[in-house]
>>> print(open('structure03.cif').read())   # mmCIF, C-alpha atoms
data_coords
loop_
_atom_site.label_atom_id
_atom_site.label_comp_id
_atom_site.auth_asym_id
_atom_site.auth_seq_id
_atom_site.Cartn_x
_atom_site.Cartn_y
_atom_site.Cartn_z
CA MET A 1 140.67 120.33 90.24
CA ASP A 2 138.73 121.61 87.27
CA SER A 3 135.18 122.31 88.52
CA ARG A 4 133.74 120.71 85.38
CA GLU A 5 135.09 117.34 86.50
CA PRO A 6 133.10 115.35 89.03
CA ALA A 7 134.68 115.68 92.44
CA ALA A 8 133.56 112.15 93.30
CA ALA A 9 136.58 110.68 91.57
CA THR A 10 138.61 111.48 94.67
CA THR A 11 137.98 110.86 98.32
CA ALA A 12 138.99 114.40 99.30
CA PRO A 13 136.41 117.18 99.38
CA THR A 14 136.46 119.85 96.74
CA SER A 15 138.33 122.77 98.16
CA SER A 16 136.30 125.66 99.47
CA ILE A 17 138.09 127.86 96.93
CA THR A 18 137.05 125.61 94.06
CA GLY A 19 133.50 125.41 95.40
CA ARG A 20 133.32 129.16 95.90
CA CYS A 21 134.75 129.91 92.43
CA PHE A 22 132.33 127.42 90.93
CA ARG A 23 129.46 129.08 92.74
CA LEU A 24 130.60 132.56 91.72
CA ALA A 25 130.85 131.52 88.08
CA HIS A 26 127.37 130.00 87.98
CA ILE A 27 125.25 131.62 90.65
CA ASP A 28 126.58 134.70 92.41
CA GLN A 29 126.55 137.09 89.46
CA PRO A 30 124.27 140.07 90.15
CA GLY A 31 120.80 139.32 88.90
CA ALA A 32 121.80 135.78 87.96
CA VAL A 33 119.53 133.92 90.37
CA LEU A 34 116.14 133.56 88.72
CA ASP A 35 114.46 131.23 91.19
CA THR A 36 115.28 129.55 94.49
CA LEU A 37 113.58 126.76 96.39
CA THR A 38 114.70 125.84 99.90
CA CYS A 39 113.32 123.26 102.27
CA VAL A 40 114.33 121.27 105.33
CA VAL A 41 113.50 117.62 105.97
CA ARG A 42 114.16 115.19 108.78
CA PRO A 43 115.04 111.52 108.30
CA HIS A 44 111.71 109.85 107.62
CA ALA A 45 110.51 107.25 105.12
CA SER A 46 108.38 109.82 103.25
CA ALA A 47 110.98 112.62 103.10
CA VAL A 48 112.38 111.83 99.64
CA ALA A 49 108.93 111.61 98.04
CA ALA A 50 107.80 114.78 99.78
CA THR A 51 110.90 116.65 98.59
CA ARG A 52 110.36 115.39 95.05
CA ARG A 53 106.74 116.60 95.08
CA ARG A 54 107.75 119.99 96.41
CA VAL A 55 110.40 120.44 93.72
CA HIS A 56 108.02 119.24 91.03
CA ASP A 57 105.28 121.64 92.15
CA HIS A 58 107.73 124.54 92.32
CA PHE A 59 109.52 124.05 88.98
CA ALA A 60 106.76 122.52 86.80
CA GLY A 61 106.09 124.89 83.90
CA ARG A 62 109.28 126.87 84.62
CA ILE A 63 111.73 124.37 83.14
CA SER A 64 111.41 121.65 80.51
CA VAL A 65 109.78 118.35 81.44
CA ASP A 66 113.02 116.46 80.71
CA LEU A 67 115.05 118.79 82.92
CA LEU A 68 112.44 118.50 85.67
CA ASP A 69 112.72 114.70 85.48
CA ASP A 70 116.53 114.93 85.80
CA LEU A 71 116.22 117.42 88.67
CA GLU A 72 113.83 115.16 90.57
CA LEU A 73 116.07 112.12 90.08
CA VAL A 74 119.32 113.86 91.09
CA LEU A 75 117.65 115.48 94.08
CA SER A 76 116.10 112.16 95.14
CA GLU A 77 119.48 110.43 95.10
CA LEU A 78 121.25 113.22 97.01
CA VAL A 79 118.48 113.54 99.60
CA ALA A 80 118.25 109.76 100.08
CA ASN A 81 122.00 109.60 100.70
CA ALA A 82 121.86 112.52 103.15
CA LEU A 83 118.94 111.02 105.04
CA ALA A 84 120.65 107.62 105.24
CA ALA A 85 123.70 109.31 106.76
CA SER A 86 121.67 111.36 109.25
CA ARG A 87 120.44 110.63 112.76
CA PRO A 88 116.67 110.98 113.43
CA GLU A 89 117.06 114.32 115.23
CA GLU A 90 119.16 115.91 112.46
CA ARG A 91 117.95 118.11 109.62
CA VAL A 92 118.79 117.92 105.94
CA GLU A 93 118.69 121.27 104.14
CA ILE A 94 117.93 121.41 100.43
CA THR A 95 118.40 124.33 98.05
CA VAL A 96 117.75 124.44 94.32
CA GLU A 97 118.74 127.65 92.53
CA GLN A 98 117.98 128.42 88.91
CA ALA A 99 120.56 130.86 87.58
CA GLY A 100 121.35 131.67 84.01
CA SER A 101 121.61 128.38 82.18
CA SER A 102 122.03 126.18 85.27
CA LEU A 103 120.23 124.59 88.18
CA LEU A 104 122.42 124.25 91.28
CA ILE A 105 121.26 121.61 93.75
CA GLU A 106 122.74 121.65 97.26
CA VAL A 107 121.96 119.11 99.98
CA VAL A 108 123.41 119.77 103.43
CA ASP A 109 123.65 117.13 106.16
CA GLN A 110 125.55 116.79 109.44
CA SER A 111 127.35 113.50 108.74
CA ALA A 112 131.12 113.30 108.75
CA GLY A 113 131.31 110.67 106.01
CA ALA A 114 132.39 111.63 102.51
CA PRO A 115 130.16 110.68 99.59
CA ARG A 116 131.70 108.03 97.35
CA CYS A 117 130.71 106.01 94.34
CA ARG A 118 130.46 102.27 94.99
CA GLN A 119 130.76 99.27 92.75
CA SER A 120 127.42 97.48 92.69
CA GLY A 121 126.68 94.01 91.44
CA LEU A 122 123.86 93.22 89.03
CA GLY A 123 121.57 92.03 91.82
CA ASP A 124 122.29 94.89 94.22
CA GLU A 125 119.34 97.17 94.92
CA ARG A 126 121.51 99.98 96.31
CA GLY A 127 124.78 101.70 95.54
CA ARG A 128 124.16 103.41 92.21
CA GLY A 129 122.90 106.81 93.38
CA LEU A 130 126.07 108.81 92.90
CA LEU A 131 126.67 107.13 89.54
CA ILE A 132 123.24 108.42 88.49
CA VAL A 133 124.12 111.89 89.80
CA GLU A 134 127.40 111.81 87.88
CA ALA A 135 125.64 110.71 84.68
CA LEU A 136 122.94 113.40 84.80
CA THR A 137 124.86 116.45 86.05
CA SER A 138 127.41 118.55 84.22
CA ALA A 139 129.37 118.69 87.49
CA TRP A 140 128.98 117.56 91.08
CA GLY A 141 131.05 117.53 94.22
CA TRP A 142 131.08 118.05 97.92
CA GLN A 143 132.74 120.16 100.57
CA ARG A 144 132.61 120.92 104.26
CA ARG A 145 130.62 123.89 105.50
CA GLY A 146 131.59 124.15 109.15
CA ALA A 147 130.57 120.87 110.77
CA ALA A 148 128.16 120.14 107.91
CA LYS A 149 128.73 118.50 104.55
CA VAL A 150 127.33 119.95 101.32
CA VAL A 151 126.86 117.73 98.29
CA TRP A 152 126.03 119.68 95.16
CA GLY A 153 125.17 119.00 91.54
CA LEU A 154 124.77 121.24 88.52
CA LEU A 155 122.24 120.63 85.78
CA ALA A 156 122.52 122.56 82.53
CA ILE A 157 119.25 124.08 81.31
#
>>> encode(input="structure03.cif", output="structure tokens")
Amino acid sequence: MDSREPAAATTAPTSSITGRCFRLAHIDQPGAVLDTLTCVVRPHASAVAATRRRVHDHFAGRISVDLLDDLELVLSELVANALAASRPEERVEITVEQAGSSLLIEVVDQSAGAPRCRQSGLGDERGRGLLIVEALTSAWGWQRRGAAKVVWGLLAI
């Protein structure tokens, strides 16, 4: 699979080789990481808003306002999905790395279920999150990391 194509088009995870090559190309170059934000949240009604505030406070003034808006929206959708798939005692780990001309967003949860785009009707209030992620990112996908699942998205700066 070409890493520039959204991995969500299939039900299989992106291979660890594809994910690793993608990460090497965009993040792991020496001196490439300019900024990193990590945080951990537990399933709670305020977790998405708190994560959004933290990301906003961290990246405001460091990236454009439009990119910050996209980052907050993509992160909100990925975190909301991870929290919905998590049990109350589980943790969701979030990492945002600015490297070169990209922002890599990774959200790690413990659920076994694969992320998938759904067809939503006009009156549905849910089910469009991954479509939003696909529309805003230059690439996104998911893979297993041990027992955990990592959903990632890449925003071009």
>>> resolve_selection(input="structure03.cif", expression="the PyMOL selection byres ((chain A and resi 69) around 12)", output="list of chain:residue names")
A:Arg52, A:Arg53, A:Val55, A:His56, A:Phe59, A:Ala60, A:Ile63, A:Ser64, A:Val65, A:Asp66, A:Leu67, A:Leu68, A:Asp70, A:Leu71, A:Glu72, A:Leu73, A:Val74, A:Leu75, A:Ser76, A:Leu136, A:Leu155
>>> closest_residue(input="structure03.cif", among="A:Leu103, A:Ile94, A:Ala112, A:Leu130", to="Thr51 in chain A", atoms="only C-alpha atoms")
A:Ile94
>>> closest_residue(input="structure03.cif", among="A:Arg54, A:Arg91, A:His44, A:Arg62", to="Val107 in chain A", atoms="only C-alpha atoms")
A:Arg91
>>> resolve_selection(input="structure03.cif", expression="the PyMOL selection byres ((chain A and resi 96) around 6)", output="MDAnalysis selection string")
chainID A and resid 36:37 95 97 104:105
>>> closest_residue(input="structure03.cif", among="A:His58, A:Arg145, A:Glu134, A:Val108", to="Val92 in chain A", atoms="only C-alpha atoms")
A:Val108
>>> closest_residue(input="structure03.cif", among="A:Ile132, A:Ala80, A:Ala99, A:Ala47", to="Ile157 in chain A", atoms="only C-alpha atoms")
A:Ala99
>>> atom_distance(input="structure03.cif", atom1="CA of Gln143 in chain A", atom2="CA of Pro115 in chain A")
9.9 Å
